[in-house]
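**Q** This one is start-v3.csv, CSV, C-alpha atoms.
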chain,number,residue,atom,x,y,z
A,289,MET,CA,-32.7,248.1,-101.8
A,290,GLN,CA,-30.4,245.3,-103.0
A,291,ILE,CA,-31.2,242.9,-105.9
A,292,ILE,CA,-30.6,239.4,-104.6
A,293,SER,CA,-30.0,236.2,-106.7
A,294,LYS,CA,-29.3,232.7,-105.5
A,295,LYS,CA,-26.3,230.6,-106.3
A,296,THR,CA,-26.0,226.9,-105.5
A,297,LEU,CA,-23.3,224.3,-104.9
A,298,THR,CA,-24.7,220.8,-105.0
A,299,ASP,CA,-23.8,217.2,-105.6
A,300,ILE,CA,-25.1,213.6,-105.3
A,301,MET,CA,-22.3,211.4,-104.0
A,302,ARG,CA,-22.3,207.7,-104.4
A,303,TYR,CA,-20.4,204.6,-103.1
A,304,ASN,CA,-20.7,201.1,-104.5
A,305,GLY,CA,-23.6,202.2,-106.7
A,306,ILE,CA,-25.8,203.7,-104.0
A,307,THR,CA,-26.3,207.3,-103.0
A,308,VAL,CA,-24.7,207.9,-99.6
A,309,PHE,CA,-24.6,211.7,-99.4
A,310,THR,CA,-26.2,214.7,-101.0
A,311,TYR,CA,-25.6,218.3,-100.4
A,312,ALA,CA,-27.1,221.6,-101.6
A,313,ILE,CA,-25.6,224.9,-100.5
A,314,HIS,CA,-27.6,227.9,-101.4
A,315,TYR,CA,-26.1,231.4,-100.9
A,316,PRO,CA,-26.9,234.9,-102.0
A,317,GLN,CA,-25.3,237.2,-104.5
A,318,PHE,CA,-26.0,240.9,-104.4
A,319,THR,CA,-26.1,243.9,-106.7
A,320,SER,CA,-26.6,247.3,-105.0
A,321,SER,CA,-26.9,250.9,-106.1
A,322,CYS,CA,-25.5,251.9,-102.7
A,323,SER,CA,-21.9,250.7,-103.2
A,324,SER,CA,-20.8,248.2,-105.8
A,325,THR,CA,-17.5,247.8,-103.8
A,326,ALA,CA,-19.5,246.9,-100.7
A,327,ALA,CA,-21.6,244.4,-102.6
A,328,GLN,CA,-18.6,242.7,-104.1
A,329,SER,CA,-17.0,242.4,-100.6
A,330,ILE,CA,-20.2,240.9,-99.2
A,331,ASN,CA,-20.5,238.5,-102.1
A,332,ARG,CA,-17.0,237.3,-101.4
A,333,PHE,CA,-18.0,236.7,-97.8
A,334,TYR,CA,-20.8,234.3,-98.8
A,335,GLU,CA,-18.9,232.6,-101.6
A,336,PHE,CA,-15.9,231.8,-99.4
A,337,ARG,CA,-18.1,230.5,-96.6
A,338,SER,CA,-20.1,228.4,-99.1
A,339,ARG,CA,-16.9,226.9,-100.6
A,340,GLN,CA,-15.7,226.1,-97.2
A,341,SER,CA,-19.0,224.3,-96.4
A,342,GLU,CA,-18.6,222.3,-99.7
A,343,ILE,CA,-15.1,221.3,-98.8
A,344,TYR,CA,-16.4,220.1,-95.4
A,345,CYS,CA,-19.1,218.1,-97.1
A,346,ARG,CA,-16.7,216.4,-99.5
A,347,THR,CA,-13.8,215.8,-97.2
A,348,VAL,CA,-15.5,215.1,-93.8
A,349,LEU,CA,-19.2,214.2,-94.2
A,350,TYR,CA,-18.9,212.1,-97.4
A,351,PRO,CA,-16.2,209.8,-95.9
A,352,GLN,CA,-18.3,209.4,-92.7
A,353,ALA,CA,-21.3,208.4,-94.9
A,354,VAL,CA,-19.1,205.9,-96.8
A,355,ASP,CA,-17.9,204.3,-93.5
A,356,GLN,CA,-21.5,204.1,-92.3
A,357,ALA,CA,-22.7,202.6,-95.6
A,358,ARG,CA,-19.9,199.9,-95.4
A,359,TYR,CA,-20.9,199.1,-91.9
A,360,VAL,CA,-24.6,198.7,-92.5
A,361,GLN,CA,-24.1,196.7,-95.8
A,362,LYS,CA,-21.8,194.4,-93.9
A,363,ASN,CA,-24.3,193.9,-91.1
A,364,GLN,CA,-27.4,194.0,-93.4
A,365,PHE,CA,-28.9,197.0,-91.8
A,366,PRO,CA,-30.9,199.6,-93.8
A,367,PHE,CA,-28.9,202.7,-94.8
A,368,ASN,CA,-30.2,206.2,-94.7
A,369,SER,CA,-28.4,208.6,-97.0
A,370,TYR,CA,-26.6,211.5,-95.3
A,371,GLN,CA,-27.8,215.0,-96.2
A,372,PHE,CA,-26.5,218.6,-95.9
A,373,LEU,CA,-28.7,221.5,-96.8
A,374,SER,CA,-27.9,225.2,-96.4
A,375,VAL,CA,-30.8,227.7,-97.2
A,376,PHE,CA,-30.8,231.4,-96.7
A,377,GLN,CA,-33.8,233.6,-96.1
A,378,THR,CA,-33.8,237.4,-96.6
A,379,THR,CA,-35.8,239.1,-93.8
A,380,TYR,CA,-35.2,242.8,-94.5
A,381,ASN,CA,-34.1,244.6,-97.7
A,382,LYS,CA,-34.7,248.3,-97.7
A,383,ASN,CA,-32.6,251.2,-98.8
A,384,CYS,CA,-29.0,250.2,-98.1
A,385,ILE,CA,-29.7,247.6,-95.3
A,386,THR,CA,-30.2,243.9,-95.9
A,387,SER,CA,-30.7,241.3,-93.2
A,388,LEU,CA,-30.8,237.5,-93.7
A,389,TYR,CA,-30.3,234.3,-91.9
A,390,THR,CA,-29.0,230.9,-93.1
A,391,ASP,CA,-30.2,227.6,-91.8
A,392,GLN,CA,-27.9,224.6,-92.2
A,393,TYR,CA,-29.6,221.2,-91.9
A,394,MET,CA,-27.5,218.1,-91.4
A,395,TYR,CA,-28.9,214.5,-91.3
A,396,LEU,CA,-26.3,211.9,-90.4
A,397,GLY,CA,-28.4,208.8,-90.3
A,398,GLY,CA,-29.9,209.2,-86.8
A,399,ALA,CA,-33.5,209.6,-85.6
A,400,HIS,CA,-33.7,213.1,-87.0
A,401,GLY,CA,-31.4,215.9,-88.4
A,402,ASN,CA,-30.4,219.1,-86.8
A,403,THR,CA,-30.5,222.7,-87.9
A,404,THR,CA,-28.0,225.4,-87.1
A,405,ARG,CA,-28.8,229.1,-87.8
A,406,ASP,CA,-26.5,232.1,-88.3
A,407,SER,CA,-27.3,235.6,-89.6
A,408,GLN,CA,-25.9,238.8,-90.8
A,409,THR,CA,-27.3,242.4,-91.2
A,410,TRP,CA,-25.4,244.5,-93.7
A,411,ASP,CA,-24.9,248.1,-94.4
A,412,PHE,CA,-24.4,248.3,-98.2
A,413,ASN,CA,-23.0,251.8,-98.0
A,414,THR,CA,-19.9,250.5,-96.1
A,415,GLY,CA,-19.9,246.8,-96.6
A,416,LYS,CA,-19.9,246.3,-92.8
A,417,GLN,CA,-22.1,244.2,-90.6
A,418,LEU,CA,-24.4,245.9,-88.2
A,419,SER,CA,-24.2,244.7,-84.6
A,420,LEU,CA,-27.0,244.2,-82.2
A,421,GLU,CA,-25.8,247.1,-80.2
A,422,ASP,CA,-26.4,249.4,-83.2
A,423,PHE,CA,-30.1,248.7,-82.8
A,424,PHE,CA,-30.1,249.8,-79.1
A,425,PRO,CA,-28.2,253.1,-79.5
A,426,ASN,CA,-29.6,254.8,-76.3
A,427,ASN,CA,-29.6,251.7,-74.0
A,428,PRO,CA,-26.2,250.7,-72.7
A,429,GLN,CA,-27.9,247.9,-70.7
A,430,PHE,CA,-29.6,246.6,-73.8
A,431,THR,CA,-28.8,242.9,-73.1
A,432,GLU,CA,-30.6,243.0,-69.7
A,433,TYR,CA,-33.5,244.7,-71.5
A,434,ILE,CA,-33.5,241.8,-74.0
A,435,PHE,CA,-33.3,239.1,-71.3
A,436,LYS,CA,-36.3,240.6,-69.5
A,437,GLY,CA,-38.2,240.9,-72.7
A,438,ILE,CA,-37.5,237.3,-73.7
A,439,GLN,CA,-38.5,236.0,-70.3
A,440,GLN,CA,-41.8,237.9,-70.5
A,441,GLN,CA,-42.5,236.5,-73.9
A,442,ILE,CA,-41.8,233.0,-72.8
A,443,GLU,CA,-44.0,233.4,-69.7
A,444,GLU,CA,-46.8,234.5,-72.0
A,445,GLN,CA,-46.3,231.6,-74.4
A,446,MET,CA,-46.2,229.1,-71.6
A,447,LYS,CA,-49.7,230.1,-70.5
A,448,THR,CA,-51.0,228.1,-73.4
A,449,ALA,CA,-48.1,225.6,-73.9
A,450,PRO,CA,-46.4,225.1,-70.6
A,451,SER,CA,-43.9,222.4,-71.7
A,452,GLN,CA,-42.3,224.0,-74.7
A,453,TYR,CA,-39.3,225.3,-72.8
A,454,PHE,CA,-36.8,223.7,-70.4
A,455,ASP,CA,-37.6,224.2,-66.7
A,456,ASP,CA,-34.4,226.3,-66.3
A,457,TYR,CA,-35.0,228.5,-69.3
A,458,ALA,CA,-34.5,231.7,-67.2
A,459,SER,CA,-30.8,230.9,-66.7
A,460,LEU,CA,-30.3,229.2,-70.1
A,461,LEU,CA,-31.5,232.2,-72.0
A,462,ARG,CA,-28.7,234.2,-70.4
A,463,GLY,CA,-26.0,231.5,-70.5
A,464,ASN,CA,-26.7,230.6,-74.1
A,465,PHE,CA,-27.2,234.1,-75.4
A,466,ASN,CA,-25.3,234.8,-78.6
A,467,ILE,CA,-24.9,238.5,-79.3
A,468,ASN,CA,-24.7,237.7,-83.0
A,469,GLY,CA,-27.9,235.7,-83.0
A,470,PHE,CA,-30.2,238.2,-84.5
A,471,PHE,CA,-31.7,239.5,-87.7
A,472,ILE,CA,-34.1,242.3,-88.5
A,473,LYS,CA,-37.5,242.3,-90.3
A,474,PRO,CA,-39.9,245.1,-91.0
A,475,SER,CA,-41.6,244.7,-87.6
A,476,GLY,CA,-38.4,244.8,-85.5
A,477,ILE,CA,-35.4,243.0,-84.2
A,478,VAL,CA,-35.5,239.2,-83.9
A,479,ILE,CA,-33.4,237.4,-81.3
A,480,TYR,CA,-33.1,233.7,-81.8
A,481,TYR,CA,-31.6,230.7,-80.0
A,482,GLN,CA,-30.3,227.4,-81.5
A,483,GLN,CA,-32.1,224.1,-81.1
A,484,TYR,CA,-31.7,222.8,-77.5
A,485,ASP,CA,-30.4,226.1,-76.2
A,486,ILE,CA,-33.5,226.9,-74.1
A,487,ALA,CA,-36.1,224.4,-75.4
A,488,PRO,CA,-36.5,220.8,-76.6
A,489,TYR,CA,-35.9,219.8,-80.2
A,490,VAL,CA,-39.6,219.9,-81.1
A,491,ARG,CA,-39.7,223.7,-80.3
A,492,GLY,CA,-37.3,224.3,-83.2
A,493,ILE,CA,-35.4,227.6,-83.2
A,494,PRO,CA,-37.1,230.0,-80.8
A,495,GLU,CA,-37.5,233.6,-81.9
A,496,PHE,CA,-38.3,236.7,-80.0
A,497,VAL,CA,-39.3,240.0,-81.6
A,498,PHE,CA,-38.4,243.5,-80.2
A,499,PRO,CA,-39.6,246.8,-81.7
A,500,PHE,CA,-37.0,249.1,-83.3
A,501,GLN,CA,-35.6,251.7,-80.9
A,502,GLU,CA,-35.4,255.4,-81.7
A,503,GLY,CA,-32.2,256.2,-83.3
A,504,SER,CA,-31.4,252.7,-84.6
A,505,PRO,CA,-30.3,252.3,-88.3
A,506,ASN,CA,-33.8,252.0,-89.7
A,507,ALA,CA,-36.0,253.6,-87.1
Could I get this structure in the form of structure tokens?
**A**
Amino acid sequence: MQIISKKTLTDIMRYNGITVFTYAIHYPQFTSSCSSTAAQSINRFYEFRSRQSEIYCRTVLYPQAVDQARYVQKNQFPFNSYQFLSVFQTTYNKNCITSLYTDQYMYLGGAHGNTTRDSQTWDFNTGKQLSLEDFFPNNPQFTEYIFKGIQQQIEEQMKTAPSQYFDDYASLLRGNFNINGFFIKPSGIVIYYQQYDIAPYVRGIPEFVFPFQEGSPNA
């Protein structure tokens, strides 16, 4: 099991004396008894990605916030400060395997913000990411198995809440499927979709759980 600490990049950015943009980027740092070299490589992955997000905040989002602040001040509209928040959640951490996802929330002054998720599952022996295929080692048609399983879970959910997915979810779950959109937790493999992929905004990020298959990395 890895020891995980949290590092943060954050700032409150102002223009003409008012706060126009705030960001907080939280990312993990690992120590591991499995391989210190692997842990260092994985740490570099998250640090580089977080630094890139910070550059984006400072060079793209902050100027956009300033332009909006100028406009609303000129036209005497209320201004809502822009926000960027990146938070990670560890979902599995056992032996030499760690899985986590990161949710990035952006609010750019509209009716509501939007969240985007990405995830990684790491083998700390090698420093390599595990793929979804690794968790279905004896099933070459694993994507079709997943599609059928998701459709069954949606049909069951819709018995009690019929309007929580788009009408054409059956085709959308295939068309918007991202083979990297998964993480693991002790109860199994979690497949997720982004907001609006298969359901309205209020549904959030849909998740679907599948049991571990025999022969998968932690079965």
**Q** Any chance you could tabulate, as JSON lines, the residues of range 289-322 of chain A at most 12 Å from range 346-354 of chain A with each one's nearest atom pair and distance in Å to one decimal, using only C-alpha atoms, in chain and rising number order?
**A**
{"residue": "A:Leu297", "atom": "CA", "partner": "A:Arg346", "partner_atom": "CA", "distance": 11.6}
{"residue": "A:Thr298", "atom": "CA", "partner": "A:Arg346", "partner_atom": "CA", "distance": 10.7}
{"residue": "A:Asp299", "atom": "CA", "partner": "A:Arg346", "partner_atom": "CA", "distance": 9.4}
{"residue": "A:Ile300", "atom": "CA", "partner": "A:Tyr350", "partner_atom": "CA", "distance": 10.2}
{"residue": "A:Met301", "atom": "CA", "partner": "A:Tyr350", "partner_atom": "CA", "distance": 7.5}
{"residue": "A:Arg302", "atom": "CA", "partner": "A:Val354", "partner_atom": "CA", "distance": 8.4}
{"residue": "A:Tyr303", "atom": "CA", "partner": "A:Val354", "partner_atom": "CA", "distance": 6.6}
{"residue": "A:Asn304", "atom": "CA", "partner": "A:Val354", "partner_atom": "CA", "distance": 9.2}
{"residue": "A:Gly305", "atom": "CA", "partner": "A:Val354", "partner_atom": "CA", "distance": 11.5}
{"residue": "A:Ile306", "atom": "CA", "partner": "A:Val354", "partner_atom": "CA", "distance": 10.1}
{"residue": "A:Thr307", "atom": "CA", "partner": "A:Ala353", "partner_atom": "CA", "distance": 9.6}
{"residue": "A:Val308", "atom": "CA", "partner": "A:Ala353", "partner_atom": "CA", "distance": 5.8}
{"residue": "A:Phe309", "atom": "CA", "partner": "A:Tyr350", "partner_atom": "CA", "distance": 6.1}
{"residue": "A:Thr310", "atom": "CA", "partner": "A:Tyr350", "partner_atom": "CA", "distance": 8.5}
{"residue": "A:Tyr311", "atom": "CA", "partner": "A:Arg346", "partner_atom": "CA", "distance": 9.1}
{"residue": "A:Ala312", "atom": "CA", "partner": "A:Arg346", "partner_atom": "CA", "distance": 11.8}
**Q** Record the distance separating CA of Ile472 in chain A and CA of Cys384 in chain A, expressed in Å with one decimal.
**A**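 CA of Cys384 in chain A lies at a distance of 13.4 Å from CA of Ile472 in chain A.
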**Q** Find the residues near Pro488 in chain A: any atom within 10 Å, counting all atoms listed in the file, skip ones fewer than 2 places away on the same chain, and give them as a list in words.
**A**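 My list of contacting residues is Ser451, Gln452, Tyr453, Phe454, Gln483, Tyr484, Asp485, Ile486, Val490, Arg491, Gly492 and Ile493 of chain A.
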**Q** Please produce a file of the residues just selected, as a PDB file, keeping the file's coordinate frame, where the atoms kept are C-alpha atoms.
**A**
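Result file follows (selection_22.pdb):
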ATOM      1  CA  SER A 451     -43.900 222.400 -71.700  1.00  0.00           C
ATOM      2  CA  GLN A 452     -42.300 224.000 -74.700  1.00  0.00           C
ATOM      3  CA  TYR A 453     -39.300 225.300 -72.800  1.00  0.00           C
ATOM      4  CA  PHE A 454     -36.800 223.700 -70.400  1.00  0.00           C
ATOM      5  CA  GLN A 483     -32.100 224.100 -81.100  1.00  0.00           C
ATOM      6  CA  TYR A 484     -31.700 222.800 -77.500  1.00  0.00           C
ATOM      7  CA  ASP A 485     -30.400 226.100 -76.200  1.00  0.00           C
ATOM      8  CA  ILE A 486     -33.500 226.900 -74.100  1.00  0.00           C
ATOM      9  CA  VAL A 490     -39.600 219.900 -81.100  1.00  0.00           C
ATOM     10  CA  ARG A 491     -39.700 223.700 -80.300  1.00  0.00           C
ATOM     11  CA  GLY A 492     -37.300 224.300 -83.200  1.00  0.00           C
ATOM     12  CA  ILE A 493     -35.400 227.600 -83.200  1.00  0.00           C
TER      13      ILE A 493
END
**Q** Please provide as an NGL selection string all residues within 10 Å of Gly469 in chain A, with the sequence filter that same-chain residues fewer than 5 positions apart are discarded (counting all atoms listed in the file).
**A** :A and (389 or 405-408 or 419-420 or 478-482 or 495)
**Q** Go ahead and dump the residues you just picked, C-alpha atoms, as a PDB file, in the coordinates of the input.
**A**
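Contents of the output file selection.pdb:
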ATOM      1  CA  TYR A 389     -30.300 234.300 -91.900  1.00  0.00           C
ATOM      2  CA  ARG A 405     -28.800 229.100 -87.800  1.00  0.00           C
ATOM      3  CA  ASP A 406     -26.500 232.100 -88.300  1.00  0.00           C
ATOM      4  CA  SER A 407     -27.300 235.600 -89.600  1.00  0.00           C
ATOM      5  CA  GLN A 408     -25.900 238.800 -90.800  1.00  0.00           C
ATOM      6  CA  SER A 419     -24.200 244.700 -84.600  1.00  0.00           C
ATOM      7  CA  LEU A 420     -27.000 244.200 -82.200  1.00  0.00           C
ATOM      8  CA  VAL A 478     -35.500 239.200 -83.900  1.00  0.00           C
ATOM      9  CA  ILE A 479     -33.400 237.400 -81.300  1.00  0.00           C
ATOM     10  CA  TYR A 480     -33.100 233.700 -81.800  1.00  0.00           C
ATOM     11  CA  TYR A 481     -31.600 230.700 -80.000  1.00  0.00           C
ATOM     12  CA  GLN A 482     -30.300 227.400 -81.500  1.00  0.00           C
ATOM     13  CA  GLU A 495     -37.500 233.600 -81.900  1.00  0.00           C
TER      14      GLU A 495
END
**Q** For Asp455 in chain A, which residue out of A:Ala487, A:Thr431, A:Thr404, A:Ser504 is the nearest one, using only C-alpha atoms?
**A**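 Smallest separation from Asp455 in chain A among the options: A:Ala487.
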**Q** Record the distance separating CA of Lys362 in chain A and CA of Asn402 in chain A, expressed in Å with one decimal.
**A**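 Calculated distance between CA of Lys362 in chain A and CA of Asn402 in chain A is 27.1 Å.
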**Q** Measure the distance from CA of Lys473 in chain A to CA of Ala458 in chain A in Å and round it to one decimal.
**A**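 These two atoms are separated by 25.6 Å.
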